[in-house]
Amino acid sequence: MMALDPFYPIFDHVSWIERLVPLGIRLVQLRIKDEPQTTLRAQIRAAREICSTHHCQLIVNDYWKLALDEGCDFIHLGQEDLDEADLDAIHAGGLKLGVSSHDEAELDRALRVDPAYIALGPVYPTILKKMKWHQQGLPRVGEWKSKIGAIPLVGIGGMSVERAPGVFEAGADIVSVVTDITLNRNPAERVREWLTATREFAR
């Protein structure tokens, strides 16, 4: 399995990537919703160039066709995205694939698509979006890791710098964060705190 950085922020606009990746982020997701194709393409292209310059692994959420077109090499798909994705084309195009999971059935499905990582969430309650799943808790993190073995496990949902060590100790290889950065009064300083807090967990 490829080595992925333990700190994995997710941003909804390339401006965040432009602003924060140069601080030392090595793994980032661009997750844009409900924008025209021209906007999506432009943001993906710009994000790829920024990440290439700063030696950061870019992961594009959902839009696998655009990711292929723009020369990206890694995508993330939720379970609903898997319903519509052409997995043969994704693998033929050389795209690495991260997959979300929330229960046993989704984990089984994720394991069948040759994932580069599997995400489990929400580990803690999250304000990001309404979800039908309640918080998974730290014991579930350990359970998932025991099931997936060498595949990197991403813990997501309600993450903060303070909670991160416990999530790693429970079995996660990577911690993914959204609002703890984007809603912070000083996002750049918070990123620096995250980088300091997660470096010791790099594999």
# chains A, B, ... in the order shown; residues from 1 in each chain; ligands from 1

$ residues_around --residues "Ser52 of chain A" --least-positions-apart "5" --cutoff "12 Å" --atoms "only C-alpha atoms" --output "list of chain:residue names"
A:Ile17, A:Glu18, A:Val21, A:Pro22, A:Ile25, A:Arg26, A:Leu27, A:Val28, A:Arg45, A:Ala46, A:Ala47, A:Gln57, A:Leu58, A:Ile59, A:Gly71, A:Cys72, A:Asp73

$ residues_around --residues "Glu104 of chain A" --least-positions-apart "5" --cutoff "10 Å" --atoms "only C-alpha atoms" --output "PyMOL selection string"
chain A and resi 109-110+144

$ write_last_selection --atoms "N, CA and C atoms" --output "PDB file, in the first residue's frame"
ATOM      1  N   ARG A 109     -18.440  -3.698   0.710  1.00  0.00           N
ATOM      2  CA  ARG A 109     -18.448  -3.180  -0.654  1.00  0.00           C
ATOM      3  C   ARG A 109     -17.155  -2.439  -0.970  1.00  0.00           C
ATOM      4  N   ALA A 110     -16.697  -1.629  -0.030  1.00  0.00           N
ATOM      5  CA  ALA A 110     -15.454  -0.886  -0.237  1.00  0.00           C
ATOM      6  C   ALA A 110     -14.272  -1.819  -0.466  1.00  0.00           C
ATOM      7  N   TRP A 144     -12.678  -1.621  12.632  1.00  0.00           N
ATOM      8  CA  TRP A 144     -12.477  -1.459  11.181  1.00  0.00           C
ATOM      9  C   TRP A 144     -11.041  -1.789  10.793  1.00  0.00           C
TER      10      TRP A 144
END

$ closest_atom_pairs --of "segment 110-185 of chain A" --to "segment 88-102 of chain A" --cutoff "6 Å" --atoms "only C-alpha atoms" --output "JSON lines"
{"residue": "A:Pro115", "atom": "CA", "partner": "A:Leu97", "partner_atom": "CA", "distance": 5.2}
{"residue": "A:Ala116", "atom": "CA", "partner": "A:Leu97", "partner_atom": "CA", "distance": 5.4}
{"residue": "A:Tyr117", "atom": "CA", "partner": "A:Gly98", "partner_atom": "CA", "distance": 4.8}
{"residue": "A:Ile118", "atom": "CA", "partner": "A:Val99", "partner_atom": "CA", "distance": 5.1}
{"residue": "A:Ala119", "atom": "CA", "partner": "A:Ser100", "partner_atom": "CA", "distance": 4.7}
{"residue": "A:Leu120", "atom": "CA", "partner": "A:Ser101", "partner_atom": "CA", "distance": 5.2}
{"residue": "A:Gly121", "atom": "CA", "partner": "A:His102", "partner_atom": "CA", "distance": 5.8}

$ select_by_dssp --residues "segment 100-142 of chain A" --states "helix (DSSP H, G or I)" --output "VMD selection string"
chain A and resid 104 to 111 138 to 142

$ write_last_selection --atoms "N, CA and C atoms" --output "PDB file, in the first residue's frame"
ATOM      1  N   GLU A 104     -21.186  -2.202   8.184  1.00  0.00           N
ATOM      2  CA  GLU A 104     -20.533  -3.439   7.717  1.00  0.00           C
ATOM      3  C   GLU A 104     -20.740  -3.680   6.224  1.00  0.00           C
ATOM      4  N   ALA A 105     -21.958  -3.465   5.753  1.00  0.00           N
ATOM      5  CA  ALA A 105     -22.255  -3.708   4.337  1.00  0.00           C
ATOM      6  C   ALA A 105     -21.429  -2.771   3.452  1.00  0.00           C
ATOM      7  N   GLU A 106     -21.309  -1.518   3.864  1.00  0.00           N
ATOM      8  CA  GLU A 106     -20.519  -0.576   3.077  1.00  0.00           C
ATOM      9  C   GLU A 106     -19.032  -0.908   3.131  1.00  0.00           C
ATOM     10  N   LEU A 107     -18.575  -1.400   4.272  1.00  0.00           N
ATOM     11  CA  LEU A 107     -17.180  -1.818   4.364  1.00  0.00           C
ATOM     12  C   LEU A 107     -16.908  -2.982   3.420  1.00  0.00           C
ATOM     13  N   ASP A 108     -17.800  -3.946   3.405  1.00  0.00           N
ATOM     14  CA  ASP A 108     -17.633  -5.096   2.500  1.00  0.00           C
ATOM     15  C   ASP A 108     -17.568  -4.633   1.051  1.00  0.00           C
ATOM     16  N   ARG A 109     -18.440  -3.698   0.710  1.00  0.00           N
ATOM     17  CA  ARG A 109     -18.448  -3.180  -0.654  1.00  0.00           C
ATOM     18  C   ARG A 109     -17.155  -2.439  -0.970  1.00  0.00           C
ATOM     19  N   ALA A 110     -16.697  -1.629  -0.030  1.00  0.00           N
ATOM     20  CA  ALA A 110     -15.454  -0.886  -0.237  1.00  0.00           C
ATOM     21  C   ALA A 110     -14.272  -1.819  -0.466  1.00  0.00           C
ATOM     22  N   LEU A 111     -14.240  -2.904   0.275  1.00  0.00           N
ATOM     23  CA  LEU A 111     -13.130  -3.847   0.142  1.00  0.00           C
ATOM     24  C   LEU A 111     -13.102  -4.532  -1.225  1.00  0.00           C
ATOM     25  N   LEU A 138     -14.565   5.401  19.078  1.00  0.00           N
ATOM     26  CA  LEU A 138     -13.210   4.877  18.917  1.00  0.00           C
ATOM     27  C   LEU A 138     -13.147   3.351  18.841  1.00  0.00           C
ATOM     28  N   PRO A 139     -13.974   2.603  19.580  1.00  0.00           N
ATOM     29  CA  PRO A 139     -13.904   1.147  19.434  1.00  0.00           C
ATOM     30  C   PRO A 139     -14.174   0.677  18.002  1.00  0.00           C
ATOM     31  N   ARG A 140     -15.047   1.390  17.309  1.00  0.00           N
ATOM     32  CA  ARG A 140     -15.354   1.045  15.922  1.00  0.00           C
ATOM     33  C   ARG A 140     -14.143   1.262  15.015  1.00  0.00           C
ATOM     34  N   VAL A 141     -13.353   2.275  15.326  1.00  0.00           N
ATOM     35  CA  VAL A 141     -12.132   2.515  14.566  1.00  0.00           C
ATOM     36  C   VAL A 141     -11.222   1.294  14.647  1.00  0.00           C
ATOM     37  N   GLY A 142     -11.032   0.788  15.850  1.00  0.00           N
ATOM     38  CA  GLY A 142     -10.209  -0.401  16.022  1.00  0.00           C
ATOM     39  C   GLY A 142     -10.782  -1.615  15.327  1.00  0.00           C
TER      40      GLY A 142
END

$ closest_residue --among "A:Tyr124, A:Leu20, A:Glu49, A:Gly149" --to "Asn186 of chain A" --atoms "only C-alpha atoms"
A:Leu20

$ closest_residue --among "A:Trp16, A:Phe201, A:Tyr8, A:Trp64" --to "Ile50 of chain A" --atoms "only C-alpha atoms"
A:Trp16

$ atom_distance --atom1 "atom CA of Ala42 of chain A" --atom2 "atom CA of Arg19 of chain A"
16.7 Å

$ residues_around --residues "Phe7 of chain A" --least-positions-apart "4" --cutoff "10 Å" --atoms "only C-alpha atoms" --output "list in words"
Ile25, Arg26, Leu27, Val28, Val154, Ala164, Asp173, Ile174, Val175, Ser176, Val177, Val191, Trp194, Leu195, Thr196, Ala197, Thr198, Arg199, Phe201 and Ala202 of chain A

$ closest_residue --among "A:Lys33, A:Arg41, A:Gly171, A:Glu84" --to "Ile151 of chain A" --atoms "only C-alpha atoms"
A:Gly171

$ atom_distance --atom1 "atom CA of Gln43 of chain A" --atom2 "atom CA of Pro152 of chain A"
27.0 Å

$ closest_residue --among "A:Arg190, A:Ala170, A:Arg48, A:Pro9" --to "Ser146 of chain A" --atoms "only C-alpha atoms"
A:Ala170
